[in-house]
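File shown: entry23.cif. Contents: mmCIF, C-alpha atoms.
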```cif
data_start
#
loop_
_atom_site.label_atom_id
_atom_site.label_comp_id
_atom_site.auth_asym_id
_atom_site.auth_seq_id
_atom_site.Cartn_x
_atom_site.Cartn_y
_atom_site.Cartn_z
CA MET A 949 -49.88 -37.28 108.37
CA PRO A 950 -49.22 -35.20 105.26
CA ASP A 951 -45.61 -34.85 104.19
CA TRP A 952 -43.33 -31.87 104.27
CA LYS A 953 -42.96 -30.19 100.92
CA SER A 954 -39.92 -29.09 99.09
CA TRP A 955 -40.14 -25.38 98.92
CA THR A 956 -38.70 -23.62 95.99
CA ALA A 957 -38.35 -19.98 96.55
CA PRO A 958 -39.51 -18.05 93.52
CA ALA A 959 -36.50 -16.54 91.81
CA ALA A 960 -37.74 -13.08 92.68
CA ALA A 961 -37.71 -13.93 96.38
CA VAL A 962 -34.13 -15.15 96.41
CA VAL A 963 -32.67 -11.74 96.52
CA SER A 964 -29.24 -10.68 97.40
CA ILE A 965 -29.56 -8.25 100.23
CA THR A 966 -26.01 -7.04 100.25
CA SER A 967 -26.36 -4.51 97.53
CA SER A 968 -27.62 -1.47 99.32
CA ALA A 969 -26.49 -0.23 102.66
CA HIS A 970 -29.40 0.22 104.97
CA ALA A 971 -29.88 2.58 107.86
CA VAL A 972 -32.48 2.71 110.57
CA GLN A 973 -32.80 6.08 112.21
CA TYR A 974 -34.36 5.61 115.62
CA LEU A 975 -33.76 8.89 117.39
CA SER A 976 -31.99 12.16 116.87
CA ILE A 977 -29.65 13.33 119.63
CA PRO A 978 -32.18 15.89 120.98
CA GLU A 979 -34.94 13.26 120.96
CA ALA A 980 -32.76 10.79 122.82
CA GLN A 981 -31.76 13.45 125.34
CA LYS A 982 -35.38 14.24 126.08
CA LEU A 983 -36.23 10.56 126.39
CA ALA A 984 -33.32 9.85 128.74
CA PHE A 985 -33.91 12.89 130.97
CA PRO A 986 -37.59 13.89 130.62
CA SER A 987 -37.36 16.37 133.50
CA ALA A 988 -34.31 18.20 132.12
CA THR A 989 -34.83 21.85 131.27
CA SER A 990 -31.56 22.23 129.37
CA PHE A 991 -28.67 20.25 127.92
CA VAL A 992 -25.32 21.98 128.18
CA GLU A 993 -22.76 20.76 125.68
CA THR A 994 -19.51 20.02 127.50
CA GLN A 995 -17.72 18.32 124.59
CA PRO A 996 -18.84 19.27 121.10
CA GLY A 997 -21.07 16.60 119.59
CA ARG A 998 -20.14 14.16 122.31
CA ALA A 999 -21.25 15.03 125.84
CA TRP A 1000 -24.00 17.11 127.40
CA LYS A 1001 -24.87 17.88 131.00
CA ALA A 1002 -28.59 17.46 131.65
CA GLU A 1003 -29.81 20.19 133.97
CA ALA A 1004 -33.10 20.81 135.71
CA GLY A 1005 -33.60 24.08 137.56
CA GLY A 1006 -29.86 24.78 137.50
CA ARG A 1007 -29.03 21.40 139.02
CA VAL A 1008 -27.12 18.69 137.13
CA ILE A 1009 -29.29 15.58 136.91
CA GLY A 1010 -27.08 13.53 134.62
CA LEU A 1011 -24.77 13.23 131.68
CA PHE A 1012 -25.66 12.29 128.10
CA VAL A 1013 -22.85 10.82 125.98
CA PHE A 1014 -23.03 10.12 122.26
CA ASP A 1015 -20.82 7.36 120.88
CA ARG A 1016 -20.39 5.27 117.78
CA VAL A 1017 -19.27 1.71 117.37
CA ILE A 1018 -17.70 0.81 114.07
CA GLY A 1019 -17.50 -2.75 112.86
CA LYS A 1020 -16.70 -4.48 109.64
CA HIS A 1021 -20.21 -4.37 108.30
CA LEU A 1022 -22.00 -1.75 110.28
CA PHE A 1023 -22.02 1.36 112.37
CA ILE A 1024 -24.11 1.87 115.43
CA ASP A 1025 -24.72 5.30 116.87
CA TYR A 1026 -25.81 5.02 120.46
CA ALA A 1027 -26.12 7.13 123.55
CA VAL A 1028 -25.34 6.38 127.16
CA ALA A 1029 -27.21 8.28 129.87
CA LEU A 1030 -25.39 8.46 133.20
CA ASP A 1031 -26.76 9.60 136.53
CA PRO A 1032 -24.81 12.21 138.55
CA GLY A 1033 -22.98 9.35 140.31
CA GLY A 1034 -21.65 8.04 136.99
CA ARG A 1035 -23.88 4.98 136.78
CA VAL A 1036 -25.49 3.89 133.51
CA VAL A 1037 -29.16 4.79 133.43
CA ARG A 1038 -29.86 3.66 129.92
CA VAL A 1039 -28.28 2.79 126.61
CA GLU A 1040 -30.34 3.77 123.58
CA ILE A 1041 -29.67 3.06 119.93
CA LEU A 1042 -29.88 6.20 117.79
CA GLN A 1043 -28.96 4.89 114.40
CA TYR A 1044 -28.07 1.55 113.00
CA ARG A 1045 -26.50 1.06 109.59
CA GLU A 1046 -25.90 -2.30 108.07
CA SER A 1047 -24.83 -3.65 104.77
CA TYR A 1048 -27.42 -6.42 104.67
CA GLY A 1049 -30.19 -4.14 103.50
CA GLY A 1050 -33.94 -3.98 103.52
CA GLU A 1051 -36.20 -5.12 106.28
CA VAL A 1052 -33.86 -7.90 107.18
CA ARG A 1053 -34.01 -8.58 110.86
CA GLY A 1054 -31.59 -10.73 112.73
CA ALA A 1055 -28.31 -9.07 113.55
CA GLY A 1056 -27.63 -10.42 117.01
CA TRP A 1057 -25.51 -8.47 119.43
CA LEU A 1058 -25.29 -6.57 122.62
CA ALA A 1059 -26.25 -6.73 126.20
CA GLN A 1060 -27.19 -4.87 129.28
CA PHE A 1061 -25.39 -2.13 131.07
CA VAL A 1062 -27.85 -0.49 133.42
CA GLY A 1063 -26.35 0.11 136.84
CA LYS A 1064 -22.76 -0.32 135.69
CA SER A 1065 -20.29 2.29 136.84
CA ARG A 1066 -16.56 2.89 136.54
CA GLN A 1067 -16.22 1.17 139.91
CA SER A 1068 -17.97 -1.97 138.62
CA PRO A 1069 -16.18 -2.39 135.32
CA LEU A 1070 -17.89 -4.29 132.58
CA GLU A 1071 -16.52 -7.73 132.01
CA PHE A 1072 -17.41 -9.39 128.79
CA ASN A 1073 -17.74 -12.91 130.09
CA LYS A 1074 -19.32 -12.13 133.39
CA ASP A 1075 -21.66 -9.24 132.77
CA ILE A 1076 -22.41 -9.10 129.13
CA ARG A 1077 -22.94 -12.57 127.84
CA ASN A 1078 -26.09 -13.19 125.92
CA ILE A 1079 -28.76 -15.24 127.63
CA SER A 1080 -28.15 -17.89 125.00
CA GLY A 1081 -24.45 -17.39 124.27
CA ALA A 1082 -22.81 -14.21 123.18
CA THR A 1083 -21.69 -13.21 119.77
CA LEU A 1084 -18.38 -11.52 119.27
CA SER A 1085 -20.26 -8.38 118.38
CA SER A 1086 -21.29 -7.90 121.97
CA MET A 1087 -17.70 -7.00 122.68
CA HIS A 1088 -17.79 -3.95 120.48
CA ILE A 1089 -20.59 -2.31 122.42
CA THR A 1090 -19.21 -3.56 125.72
CA GLU A 1091 -15.93 -1.90 124.86
CA GLY A 1092 -17.81 1.20 123.77
CA VAL A 1093 -19.72 1.59 127.01
CA LYS A 1094 -16.53 0.88 128.96
CA ARG A 1095 -14.81 3.68 127.06
CA VAL A 1096 -17.68 6.02 127.85
CA LEU A 1097 -17.53 5.10 131.54
CA THR A 1098 -13.78 5.63 131.64
CA ALA A 1099 -14.08 9.04 130.06
CA PHE A 1100 -17.27 10.25 131.69
CA GLY A 1101 -18.15 7.92 134.57
CA GLY A 1102 -16.35 9.90 137.23
CA GLY A 1103 -19.56 11.70 138.14
CA SER A 1104 -20.68 15.01 136.69
CA ARG A 1105 -20.13 17.41 139.51
CA MET B 753 -42.33 5.03 116.04
CA ARG B 754 -39.32 2.77 116.27
CA ARG B 755 -36.91 2.32 119.19
CA ALA B 756 -34.05 -0.04 119.96
CA ARG B 757 -32.18 -0.97 123.10
CA PRO B 758 -29.39 -3.40 123.85
CA LEU B 759 -31.12 -6.10 125.89
CA LEU B 760 -31.21 -9.92 126.09
CA GLY B 761 -27.70 -10.02 124.66
CA THR B 762 -29.08 -8.69 121.43
CA PHE B 763 -30.69 -5.73 119.81
CA VAL B 764 -34.35 -5.39 120.82
CA ASP B 765 -36.25 -3.37 118.25
CA VAL B 766 -39.82 -2.22 118.95
CA SER B 767 -41.80 -0.62 116.16
CA VAL B 768 -45.34 0.57 116.75
CA ASP B 769 -47.85 2.52 114.75
CA GLY B 770 -51.39 3.82 114.68
CA GLY B 771 -51.60 5.53 118.08
CA ALA B 772 -50.93 8.96 119.55
CA ALA B 773 -47.20 9.66 119.95
CA ASP B 774 -47.31 10.21 123.72
CA ASP B 775 -49.31 7.03 124.31
CA MET B 776 -46.96 5.02 122.13
CA THR B 777 -43.88 6.45 123.86
CA ALA B 778 -45.23 5.32 127.23
CA ALA B 779 -46.19 1.92 125.81
CA VAL B 780 -42.73 1.38 124.30
CA GLU B 781 -41.03 2.34 127.59
CA ALA B 782 -43.20 -0.20 129.40
CA ALA B 783 -42.45 -2.85 126.77
CA PHE B 784 -38.69 -2.35 127.20
CA ALA B 785 -39.16 -2.52 130.96
CA ALA B 786 -40.84 -5.93 130.58
CA VAL B 787 -37.98 -7.17 128.39
CA GLY B 788 -35.47 -5.82 130.92
CA LYS B 789 -37.26 -7.68 133.69
CA VAL B 790 -37.03 -10.97 131.78
CA HIS B 791 -33.33 -10.29 131.20
CA ARG B 792 -32.71 -9.70 134.90
CA LEU B 793 -34.68 -12.76 135.99
CA MET B 794 -33.42 -15.26 133.46
CA SER B 795 -29.81 -14.41 132.66
CA PHE B 796 -27.51 -17.41 133.00
CA HIS B 797 -24.62 -15.05 133.63
CA ASP B 798 -25.97 -13.16 136.61
CA PRO B 799 -25.62 -15.15 139.85
CA ALA B 800 -28.39 -13.02 141.40
CA SER B 801 -30.94 -13.84 138.67
CA ASP B 802 -33.56 -16.53 139.26
CA VAL B 803 -31.60 -18.81 136.93
CA GLY B 804 -28.36 -18.05 138.79
CA ARG B 805 -29.99 -18.81 142.13
CA LEU B 806 -31.56 -22.03 140.85
CA ASN B 807 -28.27 -23.23 139.38
CA ARG B 808 -26.53 -22.64 142.69
CA ASP B 809 -29.08 -23.98 145.15
CA ALA B 810 -32.08 -25.75 143.60
CA ALA B 811 -30.55 -29.22 143.80
CA ALA B 812 -30.38 -28.80 147.57
CA VAL B 813 -33.58 -26.93 148.32
CA ALA B 814 -36.72 -25.73 146.53
CA ILE B 815 -36.24 -22.14 145.39
CA ALA B 816 -39.04 -19.57 145.03
CA VAL B 817 -38.80 -17.65 141.76
CA ASP B 818 -40.70 -14.86 140.05
CA PRO B 819 -44.03 -15.97 138.51
CA TRP B 820 -42.58 -15.21 135.06
CA THR B 821 -39.60 -17.51 135.64
CA HIS B 822 -41.97 -20.15 136.96
CA GLU B 823 -44.12 -19.82 133.83
CA VAL B 824 -41.14 -20.22 131.50
CA ILE B 825 -39.74 -23.24 133.37
CA THR B 826 -43.21 -24.83 133.47
CA ALA B 827 -43.48 -24.39 129.69
CA ALA B 828 -39.94 -25.72 129.21
CA VAL B 829 -40.67 -28.86 131.24
CA ASP B 830 -43.87 -29.39 129.22
CA LEU B 831 -41.97 -28.95 125.94
CA ASN B 832 -39.28 -31.33 127.14
CA ARG B 833 -41.94 -33.99 127.68
CA ARG B 834 -43.80 -33.30 124.43
CA SER B 835 -40.55 -33.39 122.42
CA ASN B 836 -39.29 -36.60 124.05
CA GLY B 837 -36.36 -34.70 125.47
CA LEU B 838 -35.31 -32.86 122.32
CA PHE B 839 -35.96 -29.50 123.92
CA ASP B 840 -34.05 -29.42 127.16
CA ILE B 841 -33.09 -26.46 129.33
CA THR B 842 -30.67 -28.64 131.30
CA VAL B 843 -28.16 -28.59 128.43
CA ALA B 844 -26.24 -25.80 130.19
CA PRO B 845 -23.32 -28.06 131.19
CA ALA B 846 -23.02 -29.26 127.56
CA LEU B 847 -23.01 -25.64 126.37
CA GLN B 848 -20.33 -24.86 128.95
CA ARG B 849 -18.26 -27.78 127.72
CA LEU B 850 -18.45 -26.35 124.20
CA GLY B 851 -17.53 -22.87 125.41
CA LEU B 852 -20.93 -21.45 124.45
CA LEU B 853 -21.69 -20.51 128.05
CA PRO B 854 -19.11 -19.23 130.50
CA GLY B 855 -17.73 -21.22 133.40
CA SER B 856 -16.90 -24.88 133.83
CA PRO B 857 -19.60 -27.52 133.97
CA PRO B 858 -20.02 -29.18 137.37
CA ALA B 859 -18.09 -32.43 137.65
CA ASP B 860 -21.27 -34.25 138.65
CA ALA B 861 -23.42 -32.85 135.82
CA PRO B 862 -25.94 -35.50 134.87
CA SER B 863 -26.31 -36.48 131.25
CA PRO B 864 -28.78 -34.11 129.59
CA ILE B 865 -31.00 -37.08 128.77
CA ALA B 866 -32.33 -36.89 132.33
CA GLY B 867 -35.67 -35.43 131.25
CA ASP B 868 -37.27 -35.40 134.68
CA ALA B 869 -34.51 -33.26 136.17
CA ILE B 870 -36.79 -30.40 137.19
CA GLU B 871 -39.62 -30.43 139.68
CA VAL B 872 -42.15 -27.64 139.27
CA LEU B 873 -43.72 -27.04 142.68
CA GLY B 874 -46.49 -24.81 144.04
CA ASP B 875 -45.94 -21.27 145.30
CA HIS B 876 -43.67 -20.58 142.33
CA ARG B 877 -41.00 -22.90 143.62
CA ILE B 878 -38.59 -25.01 141.57
CA ARG B 879 -36.36 -27.86 142.63
CA PHE B 880 -33.78 -29.92 140.74
CA ARG B 881 -33.87 -33.66 141.34
CA ARG B 882 -30.14 -34.22 140.82
CA ALA B 883 -26.96 -32.51 141.97
CA GLY B 884 -25.02 -30.87 139.15
CA THR B 885 -28.13 -29.89 137.18
CA ARG B 886 -27.83 -26.47 135.56
CA ILE B 887 -30.38 -24.77 133.38
CA ASP B 888 -30.08 -22.19 130.63
CA LEU B 889 -33.27 -20.50 129.46
CA GLY B 890 -31.55 -19.03 126.40
CA GLY B 891 -33.62 -21.25 124.12
CA ILE B 892 -36.96 -19.96 125.35
CA ALA B 893 -36.65 -16.76 127.43
CA LYS B 894 -36.07 -14.46 124.47
CA GLY B 895 -39.36 -15.58 122.94
CA PHE B 896 -41.10 -15.16 126.28
CA ALA B 897 -39.69 -11.63 126.62
CA ILE B 898 -41.05 -10.74 123.19
CA ASP B 899 -44.48 -12.11 124.16
CA ARG B 900 -44.44 -10.00 127.34
CA ALA B 901 -43.49 -6.89 125.35
CA VAL B 902 -46.33 -7.51 122.90
CA ALA B 903 -48.78 -8.03 125.79
CA VAL B 904 -47.71 -4.69 127.28
CA LEU B 905 -48.09 -2.87 123.96
CA ARG B 906 -51.56 -4.37 123.43
CA ALA B 907 -52.58 -3.50 127.00
CA HIS B 908 -51.56 0.09 126.31
CA GLY B 909 -53.89 0.11 123.31
CA VAL B 910 -51.20 0.27 120.62
CA PRO B 911 -53.01 -0.71 117.39
CA HIS B 912 -50.20 -2.59 115.69
CA GLY B 913 -46.50 -3.25 115.85
CA VAL B 914 -43.55 -5.63 115.79
CA VAL B 915 -41.15 -6.61 118.56
CA ASP B 916 -37.91 -8.09 117.26
CA ALA B 917 -34.99 -9.40 119.30
CA GLY B 918 -32.20 -10.45 117.00
CA GLY B 919 -34.50 -12.09 114.49
CA ASP B 920 -36.99 -13.67 116.87
CA LEU B 921 -40.08 -11.55 116.58
CA ALA B 922 -43.82 -11.19 116.98
CA ALA B 923 -46.24 -9.00 115.04
CA PHE B 924 -49.60 -7.89 116.38
CA GLY B 925 -52.53 -5.89 115.06
CA ALA B 926 -54.27 -5.66 111.73
CA VAL B 927 -51.25 -4.72 109.63
CA ALA B 928 -49.04 -7.60 108.50
CA ALA B 929 -45.29 -7.17 108.81
CA PRO B 930 -43.10 -8.19 105.86
CA ILE B 931 -40.17 -10.30 107.06
CA HIS B 932 -37.18 -11.68 105.20
CA ILE B 933 -35.86 -15.07 106.21
CA ARG B 934 -32.10 -15.13 105.79
CA ASP B 935 -30.35 -17.99 104.11
CA PRO B 936 -28.52 -19.63 107.04
CA ARG B 937 -25.64 -20.54 104.70
CA ASN B 938 -25.28 -17.04 103.38
CA PRO B 939 -26.74 -14.31 105.57
CA CYS B 940 -26.47 -11.82 102.73
CA ARG B 941 -29.20 -13.68 100.90
CA SER B 942 -32.89 -13.81 101.66
CA ILE B 943 -34.59 -17.12 100.87
CA ALA B 944 -38.11 -15.99 101.62
CA ARG B 945 -40.10 -12.89 102.24
CA ILE B 946 -43.27 -13.59 104.16
CA ALA B 947 -45.96 -11.52 105.82
CA ILE B 948 -46.87 -12.21 109.41
CA ALA B 949 -49.71 -10.83 111.52
CA ASN B 950 -50.71 -11.77 115.05
CA GLU B 951 -48.17 -14.51 115.19
CA ALA B 952 -44.54 -15.06 116.08
CA LEU B 953 -41.53 -16.23 114.17
CA ALA B 954 -38.19 -17.50 115.43
CA SER B 955 -35.11 -18.86 113.71
CA SER B 956 -32.13 -20.96 114.68
CA GLY B 957 -29.10 -21.64 112.63
CA GLY B 958 -25.84 -20.04 111.78
CA ARG B 959 -25.18 -17.31 114.24
CA LEU B 960 -24.62 -14.17 112.27
CA ASP B 961 -21.99 -11.87 113.63
CA PRO B 962 -22.27 -8.76 111.52
CA PHE B 963 -19.14 -7.25 113.02
CA ALA B 964 -16.74 -10.08 112.45
CA SER B 965 -17.73 -11.85 109.31
CA SER B 966 -20.52 -12.56 106.92
CA ASN B 967 -19.92 -16.27 107.31
CA ALA B 968 -22.36 -18.12 109.49
CA ALA B 969 -20.72 -19.59 112.58
CA ALA B 970 -21.53 -23.00 114.00
CA PRO B 971 -25.10 -23.18 115.20
CA ALA B 972 -25.57 -23.06 118.97
CA VAL B 973 -28.17 -25.79 119.08
CA ILE B 974 -27.31 -28.89 121.03
CA ASP B 975 -28.84 -32.31 120.48
CA ALA B 976 -30.10 -32.98 123.99
CA ARG B 977 -29.81 -36.74 123.46
CA THR B 978 -26.09 -36.66 122.71
CA GLY B 979 -24.92 -33.33 124.12
CA THR B 980 -23.29 -32.45 120.79
CA PRO B 981 -24.19 -29.80 118.21
CA ALA B 982 -27.08 -30.57 115.92
CA CYS B 983 -26.17 -31.28 112.30
CA GLY B 984 -27.82 -32.15 109.03
CA ILE B 985 -30.10 -29.14 109.19
CA VAL B 986 -28.42 -25.77 108.91
CA GLY B 987 -31.36 -23.55 109.73
CA ALA B 988 -34.94 -23.67 110.99
CA THR B 989 -37.63 -21.02 111.14
CA VAL B 990 -40.80 -21.65 113.13
CA ARG B 991 -44.08 -19.74 113.12
CA ALA B 992 -46.32 -20.12 116.15
CA PRO B 993 -49.03 -18.26 118.05
CA SER B 994 -46.49 -17.26 120.73
CA CYS B 995 -42.84 -16.36 120.37
CA MET B 996 -41.95 -18.50 123.39
CA VAL B 997 -43.22 -21.59 121.57
CA ALA B 998 -41.64 -20.52 118.26
CA ASP B 999 -38.29 -19.90 119.98
CA ALA B 1000 -38.30 -23.30 121.72
CA LEU B 1001 -39.51 -25.23 118.68
CA THR B 1002 -36.65 -24.01 116.48
CA LYS B 1003 -34.35 -26.15 118.63
CA VAL B 1004 -36.62 -29.17 118.20
CA VAL B 1005 -36.84 -28.73 114.42
CA MET B 1006 -33.05 -28.29 114.19
CA ASN B 1007 -32.71 -31.68 115.86
CA ALA B 1008 -35.74 -33.67 114.71
CA GLY B 1009 -36.27 -32.20 111.24
CA GLU B 1010 -39.41 -33.53 109.60
CA ASP B 1011 -40.12 -35.80 112.57
CA ALA B 1012 -41.27 -32.69 114.43
CA SER B 1013 -44.56 -32.61 112.48
CA ALA B 1014 -46.85 -33.91 115.22
CA LEU B 1015 -45.44 -31.57 117.84
CA LEU B 1016 -45.70 -28.60 115.47
CA ASP B 1017 -49.35 -29.48 114.83
CA ASP B 1018 -50.09 -29.89 118.54
CA LEU B 1019 -48.79 -26.39 119.20
CA ARG B 1020 -50.40 -24.85 116.10
CA ALA B 1021 -46.96 -24.11 114.68
CA SER B 1022 -45.35 -24.58 111.30
CA ALA B 1023 -41.75 -24.62 110.13
CA LEU B 1024 -39.36 -24.04 107.28
CA LEU B 1025 -36.02 -25.78 107.39
CA VAL B 1026 -32.88 -25.62 105.33
CA ARG B 1027 -30.96 -28.84 104.96
CA SER B 1028 -27.19 -28.95 104.63
CA ASP B 1029 -27.64 -30.13 101.01
CA GLY B 1030 -29.43 -26.86 100.28
CA ASP B 1031 -32.95 -28.29 100.12
CA ILE B 1032 -35.61 -26.05 101.66
CA ARG B 1033 -38.56 -27.92 103.19
CA VAL B 1034 -41.77 -26.61 104.73
CA SER B 1035 -44.11 -28.41 107.10
CA PRO B 1036 -47.58 -29.31 105.77
CA SER B 1037 -49.31 -26.41 107.51
CA TRP B 1038 -46.78 -23.72 106.50
CA ARG B 1039 -48.91 -20.95 105.05
CA ASP B 1040 -47.47 -19.52 101.92
CA SER B 1041 -48.17 -15.93 102.84
CA ARG B 1042 -45.45 -14.42 100.75
CA ALA B 1043 -45.28 -10.70 101.04
CA ALA B 1044 -45.70 -8.76 97.85
#
```
Let me see whether you can do it: turn the structure in this file into structure tokens.
Amino acid sequence: MPDWKSWTAPAAAVVSITSSAHAVQYLSIPEAQKLAFPSATSFVETQPGRAWKAEAGGRVIGLFVFDRVIGKHLFIDYAVALDPGGRVVRVEILQYRESYGGEVRGAGWLAQFVGKSRQSPLEFNKDIRNISGATLSSMHITEGVKRVLTAFGGGSR
Amino acid sequence: MRRARPLLGTFVDVSVDGGAADDMTAAVEAAFAAVGKVHRLMSFHDPASDVGRLNRDAAAVAIAVDPWTHEVITAAVDLNRRSNGLFDITVAPALQRLGLLPGSPPADAPSPIAGDAIEVLGDHRIRFRRAGTRIDLGGIAKGFAIDRAVAVLRAHGVPHGVVDAGGDLAAFGAVAAPIHIRDPRNPCRSIARIAIANEALASSGGRLDPFASSNAAAPAVIDARTGTPACGIVGATVRAPSCMVADALTKVVMNAGEDASALLDDLRASALLVRSDGDIRVSPSWRDSRAA
């Protein structure tokens, strides 16, 4: 069987990827609103830049909350869509900024929140551990969604 | 079009291109739904998941699971045999002992060397041969979820795209995706930039926590023979036709190093590994498709 080879990365390939901050813009707020509540006819801002009631035919069909998690190396803008009962319908990433640059993939974090409500509080160890073992970063978003549920999860009547 | 959701305990990023916007939106929704289904079925942490139900009851009675769970466990048992026990989904008690999974290991947990611990039965049923057996699909389910997402995107007629879950990824279609491989010792550095097309890539090594620190933490790969963390190799990246195989083989390469050659060949995979002395080694069939 042929041997493994030592692999010398060409100097040009060994790049430092810290130099430039990098942002991925996934969705604008209006795009994310439309995606979360496709049947909504209007979004009524209830807190400037932060919370909108999704309405269809004059009826409230849910709440859209914008939030941001700030860490040491990155910011994540995300949105939580809640149903009228205050349960999480979806969590969508709007923008992701990191200091590692370029097309680097591999920042591991986060979890799943669908179906969580203020009455079923998120618990880091129980609900939000990674399939393979969580990273500390998961806690930041867990805390973020918990904050959103505390502030907005009382139902949007 | 590029979307991201928090799923699988990580950041699942789907980027697609070449189709009509409405078609791609529907395809991406369906792809996330497939990933969400894998998450629900195979989470170690959810007692109602297939994995949760198996860990509670499968030593006593055969448990019927979803065909997807059955497929993953069947593949895991096959990989356990092919790797002489190096890949082992019954390491959950060892991970619990190290605090990498929640909860306490059962007092009667068998040594992870028990390679025949799982019986794969008909009608999508699974049984454990010994009391105290617990499985964790964390070393394989993420890759499987990516494969399912890619299958959904292809079935929807999306021409090309990439599905990435925290660095494990698959690219499909005619357009190659340029990918950096991080230096496991220093995540701010890229050691290679390669182009992949119609194949998958997965990495194991220092777990990067971009919130807390730029230092790599201890790798969460356990030597199934000893139940202790793997050492000597600080990072492994595997390319394979499917992400499930790539995901699982990273754990084998982390443990076996260059002895994994035959298994890599059998599964049409190749690997790059970084040794603790800084040496970077590639398996004989590693294609040097460096991106421009």
Just say which residues the PyMOL selection byres ((chain B) within 6 of (chain A)) picks in this file, as number ranges by chain.
-> B: 754-763, 795-796, 852-853, 890, 918-919, 932, 940-944, 962-963, 1032-1036
Write out the residues from the selection above, keeping C-alpha atoms, as a PDB file, in the frame of the given file.
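Written file, part-v9.pdb:
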```pdb
ATOM      1  CA  ARG B 754     -39.320   2.770 116.270  1.00  0.00           C
ATOM      2  CA  ARG B 755     -36.910   2.320 119.190  1.00  0.00           C
ATOM      3  CA  ALA B 756     -34.050  -0.040 119.960  1.00  0.00           C
ATOM      4  CA  ARG B 757     -32.180  -0.970 123.100  1.00  0.00           C
ATOM      5  CA  PRO B 758     -29.390  -3.400 123.850  1.00  0.00           C
ATOM      6  CA  LEU B 759     -31.120  -6.100 125.890  1.00  0.00           C
ATOM      7  CA  LEU B 760     -31.210  -9.920 126.090  1.00  0.00           C
ATOM      8  CA  GLY B 761     -27.700 -10.020 124.660  1.00  0.00           C
ATOM      9  CA  THR B 762     -29.080  -8.690 121.430  1.00  0.00           C
ATOM     10  CA  PHE B 763     -30.690  -5.730 119.810  1.00  0.00           C
ATOM     11  CA  SER B 795     -29.810 -14.410 132.660  1.00  0.00           C
ATOM     12  CA  PHE B 796     -27.510 -17.410 133.000  1.00  0.00           C
ATOM     13  CA  LEU B 852     -20.930 -21.450 124.450  1.00  0.00           C
ATOM     14  CA  LEU B 853     -21.690 -20.510 128.050  1.00  0.00           C
ATOM     15  CA  GLY B 890     -31.550 -19.030 126.400  1.00  0.00           C
ATOM     16  CA  GLY B 918     -32.200 -10.450 117.000  1.00  0.00           C
ATOM     17  CA  GLY B 919     -34.500 -12.090 114.490  1.00  0.00           C
ATOM     18  CA  HIS B 932     -37.180 -11.680 105.200  1.00  0.00           C
ATOM     19  CA  CYS B 940     -26.470 -11.820 102.730  1.00  0.00           C
ATOM     20  CA  ARG B 941     -29.200 -13.680 100.900  1.00  0.00           C
ATOM     21  CA  SER B 942     -32.890 -13.810 101.660  1.00  0.00           C
ATOM     22  CA  ILE B 943     -34.590 -17.120 100.870  1.00  0.00           C
ATOM     23  CA  ALA B 944     -38.110 -15.990 101.620  1.00  0.00           C
ATOM     24  CA  PRO B 962     -22.270  -8.760 111.520  1.00  0.00           C
ATOM     25  CA  PHE B 963     -19.140  -7.250 113.020  1.00  0.00           C
ATOM     26  CA  ILE B1032     -35.610 -26.050 101.660  1.00  0.00           C
ATOM     27  CA  ARG B1033     -38.560 -27.920 103.190  1.00  0.00           C
ATOM     28  CA  VAL B1034     -41.770 -26.610 104.730  1.00  0.00           C
ATOM     29  CA  SER B1035     -44.110 -28.410 107.100  1.00  0.00           C
ATOM     30  CA  PRO B1036     -47.580 -29.310 105.770  1.00  0.00           C
TER      31      PRO B1036
END
```
Go through the shown structure with the PyMOL selection byres ((chain A and resi 997) around 12) and write out the matching residues as a ChimeraX atom specification.
-> /A:977-978,991-996,998-1000,1012-1016,1027
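With all atoms listed in the file as the atoms that count, the residue of B:Pro858, B:Pro936, B:Gly984, B:Leu838 with the shortest distance to Ala1012 of chain B is B:Leu838.
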List the neighbours of segment 894-898 of chain B out to 7 Å using only C-alpha atoms; skip same-chain residues closer than 6 positions along the sequence, and give me the result as a list in words.
-> Leu760, Val787, Val790, Val915, Asp920, Leu921, Ala922, Cys995, Met996 and Asp999 of chain B
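Run against this file, the PyMOL selection byres ((chain B and resi 956) around 6) gives back Ser955, Gly957, Gly987, Ala988 and Thr1002 of chain B.
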Taking all atoms of segment 872-888 of chain B that the file lists, what box with edges along x, y and z, padded by 4 Å per side, do you get, with centre and edge lengths in Å to one decimal, as JSON?
```
{"center_x": -35.8, "center_y": -27.4, "center_z": 138.0, "size_x": 29.5, "size_y": 21.6, "size_z": 22.7}
```
What's the 10 Å shell around Ala1002 of chain A, counting only C-alpha atoms, without same-chain residues fewer than 6 positions away, as a tab-separated table (two decimals) with C-alpha atoms, in the coordinates of the input?
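Full text of out-v5.tsv as output:
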```tsv
chain	number	residue	atom	x	y	z
A	981	GLN	CA	-31.76	13.45	125.34
A	982	LYS	CA	-35.38	14.24	126.08
A	984	ALA	CA	-33.32	9.85	128.74
A	985	PHE	CA	-33.91	12.89	130.97
A	986	PRO	CA	-37.59	13.89	130.62
A	987	SER	CA	-37.36	16.37	133.50
A	988	ALA	CA	-34.31	18.20	132.12
A	989	THR	CA	-34.83	21.85	131.27
A	990	SER	CA	-31.56	22.23	129.37
A	991	PHE	CA	-28.67	20.25	127.92
A	992	VAL	CA	-25.32	21.98	128.18
A	993	GLU	CA	-22.76	20.76	125.68
A	1008	VAL	CA	-27.12	18.69	137.13
A	1009	ILE	CA	-29.29	15.58	136.91
A	1010	GLY	CA	-27.08	13.53	134.62
A	1011	LEU	CA	-24.77	13.23	131.68
A	1012	PHE	CA	-25.66	12.29	128.10
A	1029	ALA	CA	-27.21	8.28	129.87
A	1030	LEU	CA	-25.39	8.46	133.20
A	1031	ASP	CA	-26.76	9.60	136.53
A	1032	PRO	CA	-24.81	12.21	138.55
A	1104	SER	CA	-20.68	15.01	136.69
```
